[in-house]
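*Asks:* Here you go, my_file-v2.cif (mmCIF, C-alpha atoms):
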```
data_structure
#
loop_
_atom_site.label_atom_id
_atom_site.label_comp_id
_atom_site.auth_asym_id
_atom_site.auth_seq_id
_atom_site.Cartn_x
_atom_site.Cartn_y
_atom_site.Cartn_z
CA MET T 1 128.04 141.57 5.85
CA ALA T 2 130.80 143.82 4.49
CA SER T 3 128.25 146.61 4.01
CA SER T 4 127.84 146.93 7.77
CA GLY T 5 131.46 148.02 8.02
CA TYR T 6 131.90 145.81 11.07
CA THR T 7 134.07 142.78 10.49
CA GLY T 8 133.88 141.11 13.90
CA LEU T 9 131.06 138.73 12.92
CA ARG T 10 131.88 135.15 12.06
CA GLY T 11 129.79 132.62 10.18
CA GLY T 12 126.17 132.61 11.31
CA GLU T 13 126.59 135.15 14.10
CA GLU T 14 125.10 137.97 12.07
CA ASP T 15 121.74 136.18 12.19
CA GLU T 16 121.79 136.07 15.98
CA SER T 17 123.04 139.57 16.72
CA PHE T 18 122.27 143.19 15.93
CA LEU T 19 124.08 146.50 16.28
CA TYR T 20 122.70 149.16 18.60
CA PHE T 21 123.78 152.82 18.66
CA ALA T 22 123.62 154.19 22.22
CA TYR T 23 123.90 157.91 22.95
CA GLY T 24 122.34 158.22 26.45
CA SER T 25 122.65 156.25 29.67
CA ASN T 26 123.51 153.08 27.72
CA LEU T 27 126.91 154.59 26.90
CA LEU T 28 127.98 153.24 30.29
CA THR T 29 128.88 149.54 30.27
CA GLU T 30 127.46 148.94 33.76
CA ARG T 31 124.14 150.48 32.68
CA ILE T 32 123.61 148.52 29.48
CA HIS T 33 124.63 145.27 31.17
CA LEU T 34 121.88 145.65 33.81
CA ARG T 35 119.27 144.40 31.32
CA ASN T 36 121.35 143.39 28.30
CA PRO T 37 124.23 141.13 29.35
CA SER T 38 125.14 140.17 25.78
CA ALA T 39 126.17 143.73 24.84
CA GLU T 40 129.75 143.83 23.55
CA PHE T 41 131.55 147.07 22.75
CA CYS T 42 131.98 147.40 19.01
CA CYS T 43 133.19 150.97 18.43
CA VAL T 44 132.69 154.67 19.00
CA ALA T 45 130.66 156.28 16.22
CA ARG T 46 129.19 159.58 15.05
CA LEU T 47 125.61 160.16 13.94
CA GLN T 48 125.71 163.04 11.47
CA ASP T 49 122.92 165.64 11.13
CA TYR T 50 121.33 164.80 14.47
CA LYS T 51 121.33 166.66 17.77
CA LEU T 52 121.09 165.38 21.35
CA ASP T 53 118.22 166.69 23.45
CA PHE T 54 116.61 165.82 26.78
CA GLY T 55 112.93 165.68 27.48
CA ASN T 56 109.91 164.15 29.14
CA SER T 57 107.75 161.85 27.05
CA GLN T 58 104.22 163.30 26.82
CA GLY T 59 105.34 165.80 29.47
CA LYS T 60 105.75 163.13 32.19
CA THR T 61 108.99 163.20 34.19
CA SER T 62 110.93 159.92 34.21
CA GLU T 63 110.31 158.01 37.45
CA THR T 64 113.70 156.36 37.07
CA TRP T 65 115.78 159.45 36.34
CA HIS T 66 113.74 162.37 37.82
CA GLY T 67 114.35 164.64 34.87
CA GLY T 68 114.56 164.76 31.10
CA ILE T 69 115.96 161.71 29.33
CA ALA T 70 118.07 161.65 26.18
CA THR T 71 116.72 161.65 22.67
CA ILE T 72 117.97 162.67 19.26
CA PHE T 73 116.37 164.67 16.49
CA GLN T 74 117.38 165.53 12.94
CA SER T 75 119.38 168.74 12.81
CA PRO T 76 121.50 169.43 9.70
CA GLY T 77 125.12 170.19 10.53
CA ASP T 78 125.00 168.79 14.07
CA GLU T 79 126.34 165.44 15.27
CA VAL T 80 125.79 163.02 18.13
CA TRP T 81 128.57 160.72 19.30
CA GLY T 82 127.85 157.37 20.87
CA VAL T 83 128.78 153.73 21.20
CA VAL T 84 127.85 150.87 18.91
CA TRP T 85 127.09 147.73 20.91
CA LYS T 86 126.88 144.30 19.31
CA MET T 87 124.05 142.46 21.03
CA ASN T 88 122.44 139.07 20.86
CA LYS T 89 118.89 139.15 19.49
CA SER T 90 117.79 137.46 22.73
CA ASN T 91 118.26 140.90 24.36
CA LEU T 92 116.09 142.72 21.80
CA SER T 93 112.92 142.61 23.90
CA SER T 94 114.72 143.68 27.11
CA LEU T 95 116.31 146.63 25.26
CA ASP T 96 112.94 147.64 23.78
CA GLU T 97 111.39 147.34 27.23
CA GLN T 98 114.13 149.45 28.83
CA GLU T 99 113.57 152.10 26.13
CA GLY T 100 109.81 152.13 26.68
CA VAL T 101 108.82 151.08 23.16
CA LYS T 102 105.53 149.45 24.28
CA SER T 103 104.54 152.47 26.37
CA GLY T 104 105.24 154.73 23.40
CA THR T 105 108.11 156.63 25.05
CA TYR T 106 110.53 155.77 22.25
CA VAL T 107 110.24 154.39 18.75
CA VAL T 108 112.82 152.20 17.07
CA ILE T 109 114.73 153.93 14.29
CA LYS T 110 117.45 152.78 11.91
CA VAL T 111 120.47 155.07 11.74
CA THR T 112 123.69 155.05 9.75
CA VAL T 113 126.66 156.03 11.88
CA HIS T 114 130.29 156.69 10.96
CA THR T 115 133.15 155.04 12.82
CA GLN T 116 136.34 156.92 13.62
CA GLU T 117 137.97 154.93 10.81
CA GLY T 118 135.40 156.33 8.36
CA LYS T 119 133.29 153.19 7.93
CA GLU T 120 129.49 153.37 7.83
CA ILE T 121 127.42 151.06 10.02
CA THR T 122 123.64 150.72 10.09
CA CYS T 123 122.32 150.34 13.62
CA ARG T 124 119.16 150.16 15.66
CA SER T 125 118.58 153.19 17.86
CA TYR T 126 115.70 154.92 19.63
CA GLN T 127 114.03 158.30 19.35
CA MET T 128 111.55 159.85 21.76
CA ARG T 129 108.26 160.98 20.27
CA ASN T 130 105.89 163.60 21.66
CA TYR T 131 108.23 165.00 24.26
CA GLU T 132 108.71 168.32 26.00
CA SER T 133 112.31 169.48 26.41
CA ALA T 134 113.47 169.29 30.03
CA PRO T 135 116.90 169.21 31.66
CA PRO T 136 118.27 165.90 32.91
CA SER T 137 118.81 165.12 36.59
CA PRO T 138 122.40 165.44 37.81
CA GLN T 139 122.53 161.63 38.17
CA TYR T 140 121.38 160.98 34.60
CA LYS T 141 123.86 163.50 33.23
CA GLN T 142 126.59 161.83 35.32
CA VAL T 143 125.82 158.36 33.89
CA ILE T 144 126.05 159.74 30.33
CA CYS T 145 129.30 161.61 31.05
CA LEU T 146 130.84 158.55 32.74
CA GLY T 147 129.92 156.42 29.71
CA ALA T 148 131.37 159.00 27.30
CA LYS T 149 134.61 159.06 29.28
CA GLU T 150 134.77 155.28 29.74
CA ASN T 151 134.46 154.67 26.00
CA GLY T 152 136.68 157.51 24.83
CA LEU T 153 134.19 159.68 22.98
CA PRO T 154 135.94 162.73 21.47
CA LEU T 155 137.03 165.21 24.15
CA GLU T 156 135.19 168.11 22.51
CA TYR T 157 131.96 166.11 22.67
CA GLN T 158 132.64 165.14 26.30
CA LYS T 159 133.04 168.86 27.08
CA LYS T 160 129.63 169.53 25.49
CA LEU T 161 128.06 166.80 27.62
CA ASN T 162 129.73 168.13 30.77
CA ALA T 163 128.40 171.62 29.99
CA ILE T 164 124.75 170.48 29.96
CA GLU T 165 122.84 172.21 32.75
CA PRO T 166 121.00 169.60 34.83
CA ASN T 167 117.83 170.21 36.83
CA ASN T 168 118.09 170.69 40.59
CA TYR T 169 116.91 167.21 41.63
CA GLN T 170 118.57 166.49 44.99
CA GLY T 171 116.93 163.16 45.82
CA LYS T 172 118.09 159.65 45.25
CA VAL T 173 117.63 157.57 42.14
CA SER T 174 117.23 153.80 42.48
CA ASP T 175 119.84 151.80 44.39
CA GLU T 176 120.60 149.98 41.13
CA ILE T 177 121.43 153.29 39.40
CA GLU T 178 123.37 154.66 42.39
CA ASP T 179 125.42 151.45 42.29
CA ILE T 180 126.31 151.77 38.60
CA ILE T 181 127.31 155.41 39.14
CA ARG T 182 129.69 154.33 41.93
CA LYS T 183 131.15 151.54 39.78
CA GLY T 184 131.45 153.88 36.79
CA GLU T 185 133.25 156.50 38.86
CA THR T 186 135.69 153.88 40.13
CA ARG T 187 136.46 152.65 36.61
CA THR T 188 136.86 156.03 34.93
CA HIS T 189 138.99 157.76 37.57
#
```
Let me see the structure of the file written as structure tokens.

*Replies:*
Amino acid sequence: MASSGYTGLRGGEEDESFLYFAYGSNLLTERIHLRNPSAEFCCVARLQDYKLDFGNSQGKTSETWHGGIATIFQSPGDEVWGVVWKMNKSNLSSLDEQEGVKSGTYVVIKVTVHTQEGKEITCRSYQMRNYESAPPSPQYKQVICLGAKENGLPLEYQKKLNAIEPNNYQGKVSDEIEDIIRKGETRTH
């Protein structure tokens, strides 16, 4: 247990929970809780030698987000900041489903992230395979930026996220997503 670097687990809990590193829309509490109510904020962390990108899996635009969705790829010298969520294993299948593991959109990867205190934590995360780079919709970018602000990701990284050029999608995303954007705006302002 000590090797995880996270000391919040008490007897037996480590068997029922897992740590998940989120770097996209699941940075926002409202978003992750839609399908994964057990998610508890653990810490902010940095994934070294990776870069954030946006794309469409197999060239197909996301029907939920109407633009590219977040992924990470290995890139020496770069870093991706995100949130480590402690989750109950009962939410594993809903998280995999949300990430499109069965459809082949994302694959599960194991990553080692560094906390702001310098501890290393091994987490579950997701990486898109076979994608074409594409800008995110303004709504998707907004959810990520709200989550970064809500959880206090480093300001320099927040500036990088805010500087991402979205596509020109003007339509509406789902009511569920519009609702979490409204709630996120209320909480972070």

*Asks:* Give me, as JSON, numbers by chain, all polymer residues having an atom no more than 12 Å from Leu153 (chain T), counting all atoms listed in the file and skipping those fewer than 5 positions away in the same chain.

*Replies:* {"T": [22, 23, 27, 28, 43, 44, 45, 46, 80, 81, 82, 83, 84, 115, 116, 144, 145, 146, 147, 148, 158, 159, 160, 161]}

*Asks:* Given the file above and the PyMOL selection byres ((chain T and resi 141) around 12), which residues are selected, and can you give them as a PyMOL selection string?

*Replies:* chain T and resi 23-28+53-54+65-70+135-140+142-148+158+160-169+181

*Asks:* Translate the PyMOL selection byres ((chain T and resi 87) around 12), as applied to the file shown, into an explicit residue set as an NGL selection string.

*Replies:* :T and (9 or 13-22 or 32-33 or 35-42 or 84-86 or 88-95 or 123-124)

*Asks:* Please indicate the distance in Å from CA of Leu47 (chain T) to CA of Pro154 (chain T), rounded to one decimal place.

*Replies:*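 Spanning CA of Leu47 (chain T) to CA of Pro154 (chain T) is a straight-line distance of 13.0 Å.
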
*Asks:* Using the chain letters and numbers from the file, which residues does the PyMOL selection byres ((chain T and resi 51) around 7) grab, as a PyMOL selection string?

*Replies:* chain T and resi 49-50+52-53+72-75+78-80

*Asks:* Could you pull the residues within 6 Å of Val107 (chain T), counting only C-alpha atoms, minus those fewer than 6 positions along the same chain, as a PyMOL selection string?

*Replies:* chain T and resi 101+126-127

*Asks:* Between CA of Glu176 (chain T) and CA of Tyr157 (chain T), measure the distance and give it in Å to one decimal.

*Replies:*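 CA of Tyr157 (chain T) lies at a distance of 27.0 Å from CA of Glu176 (chain T).
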
*Asks:* Please report the interatomic distance between CA of Val108 (chain T) and CA of Glu30 (chain T) in Å with one decimal.

*Replies:*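 About the pair CA of Val108 (chain T) and CA of Glu30 (chain T): they are 22.4 Å apart.
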
*Asks:* When you count only C-alpha atoms, which of these residues is closest to Gly59 (chain T): T:Arg129, T:Lys149, T:Lys183, T:Lys119?

*Replies:* T:Arg129

*Asks:* Smallest atom-to-atom distance to Glu150 (chain T): which of T:Gln58, T:Thr188, T:Ser174, T:Ser125, using all atoms listed in the file?

*Replies:*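 Of the candidates, the smallest distance to Glu150 (chain T) is held by T:Thr188.
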
*Asks:* Closest to Arg187 (chain T) among T:Glu132, T:Asn151, T:Gly104, T:Lys172, using only C-alpha atoms?

*Replies:* T:Asn151

*Asks:* Which residue out of T:Glu97, T:Gln48, T:Glu63, T:Tyr131 has the minimum interatomic distance to Pro76 (chain T) when all atoms listed in the file are used?

*Replies:* T:Gln48
